[in-house]
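Structure record follows, encoded as C-alpha cells.
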Amino acid sequence: MANLKIELVKSLNGRLVKHIATAESLGLRKIGQVTIQPDNTQTRGKIAKIGYLLKVTEVE
C-alpha cells in the first residue's frame with residue numbers, strides 16, 4: 001500500500017478552528033513538519049479540506 005508524505009508549508013495562525021484540528025489530526029503543528037500517512041479515503045479527505053496549507057508527495 002502506498003503512503004503519502006505530507007508537509008505543512010503555511011502557518012496555522014488565523015485559520016478556521018476546524019482546519020487547525022484537521023492539521024493536528026494529521027500530526028502537523030508547526031511549519032516544516034512532515035508526517036507519513038497511509039493513502040486512504042480518510043487521509044485524502046483531510047488533504048482536500050486543508051490542501052492549501054500542505055505539500056503532498058507519494059512515497060512507496
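Ordering of the C-alpha cells sets the chain letters (A, B, ...); residue numbers start at 1 within each chain; ligands are numbered from 1 in the order shown.
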Inset, instruction - Write down as a PyMOL selection string the residues of chain A whose backbone DSSP state falls under alpha helix (DSSP H). - result: chain A and resi 17-25+41-50
Legend entry - Spatial neighbours of Lys55 (chain A), 8 Å, only C-alpha atoms, chain gap at least 6 places, as a list in words: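 Result of the neighbour search: Ile6, Glu7, Leu8 and Val9 of chain A.
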Legend entry - Test item: residues at most 10 Å from Thr57 (chain A), only C-alpha atoms, excluding those fewer than 3 positions along its chain, as an NGL selection string: :A and (3-7 or 36 or 54)
Legend entry - Interatomic distance (Å, one decimal) between CA of Ser25 (chain A) and CA of Gly45 (chain A): 12.0 Å
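Proximity ranking of A:Leu53, A:Ala2, A:Val59, A:Leu16 relative to Gln33 (chain A) places A:Leu53 first, based on only C-alpha atoms.
CA of Pro38 (chain A) is found 15.2 Å from CA of Ala23 (chain A).
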Inset, instruction - Using only C-alpha atoms, find the one residue out of A:His19, A:Met1, A:Glu60, A:Val34 that sits nearest to Ala48 (chain A). - result: A:His19
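For chain A, a DSSP pass over the backbone yields strand (DSSP E or B) at Asn3, Leu4, Lys5, Ile6, Glu7, Leu8, Val34, Thr35, Ile36, Gln37, Pro38, Leu54, Lys55, Val56, Thr57, Glu58 and Val59 of chain A.
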Residues from last step as file, C-alpha atoms, as a PDB file, in the first residue's frame:
ATOM      1  CA  ASN A   3       1.897   6.170   1.667  1.00  0.00           C
ATOM      2  CA  LEU A   4       1.733   9.948   1.457  1.00  0.00           C
ATOM      3  CA  LYS A   5       4.401  12.323   2.733  1.00  0.00           C
ATOM      4  CA  ILE A   6       2.591  15.427   3.988  1.00  0.00           C
ATOM      5  CA  GLU A   7       4.403  18.654   4.887  1.00  0.00           C
ATOM      6  CA  LEU A   8       2.865  21.748   6.468  1.00  0.00           C
ATOM      7  CA  VAL A  34       6.474  16.214   7.894  1.00  0.00           C
ATOM      8  CA  THR A  35       4.350  13.135   8.504  1.00  0.00           C
ATOM      9  CA  ILE A  36       3.847   9.888   6.612  1.00  0.00           C
ATOM     10  CA  GLN A  37       0.209   8.809   6.346  1.00  0.00           C
ATOM     11  CA  PRO A  38      -1.476   5.882   4.572  1.00  0.00           C
ATOM     12  CA  LEU A  54       0.123  21.393   2.594  1.00  0.00           C
ATOM     13  CA  LYS A  55       2.660  19.921   0.206  1.00  0.00           C
ATOM     14  CA  VAL A  56       1.861  16.271  -0.547  1.00  0.00           C
ATOM     15  CA  THR A  57       4.069  13.688  -2.261  1.00  0.00           C
ATOM     16  CA  GLU A  58       3.625   9.947  -2.767  1.00  0.00           C
ATOM     17  CA  VAL A  59       6.089   7.586  -1.067  1.00  0.00           C
TER      18      VAL A  59
END
Inset, instruction - Excluding Ile20 (chain A) and any residue of its chain fewer than 3 positions from it, enumerate the residues within 12 Å of it, using only C-alpha atoms, and give them as a list in words. - result: Leu8, Lys10, Ser11, Leu12, Asn13, Gly14, Arg15, Leu16, Val17, Ala23, Glu24, Ser25, Leu26, Gly27, Leu28, Arg29, Lys30, Lys46, Lys49, Ile50 and Leu53 of chain A
Grab the residues selected above and save them as a compact mmCIF listing (two decimals), in the first residue's frame with C-alpha atoms.
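Result went into part02.txt, see below:
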# COMPACT_ATOMS: atom_id res chain seq x y z
CA LEU A 8 2.86 21.75 6.47
CA LYS A 10 1.83 27.53 5.61
CA SER A 11 1.07 28.78 9.10
CA LEU A 12 -1.99 27.73 11.07
CA ASN A 13 -2.31 31.21 12.62
CA GLY A 14 -5.67 32.80 11.88
CA ARG A 15 -7.11 29.68 10.23
CA LEU A 16 -10.51 28.22 10.96
CA VAL A 17 -10.67 26.07 14.09
CA ALA A 23 -3.88 19.60 10.56
CA GLU A 24 -3.31 18.38 14.11
CA SER A 25 -5.13 15.12 13.35
CA LEU A 26 -2.52 14.58 10.63
CA GLY A 27 0.22 15.21 13.20
CA LEU A 28 1.15 18.68 11.93
CA ARG A 29 1.58 21.59 14.32
CA LYS A 30 4.48 23.69 13.03
CA LYS A 46 -8.28 15.67 5.23
CA LYS A 49 -10.01 20.14 3.32
CA ILE A 50 -6.66 21.85 4.06
CA LEU A 53 -1.66 24.58 3.65
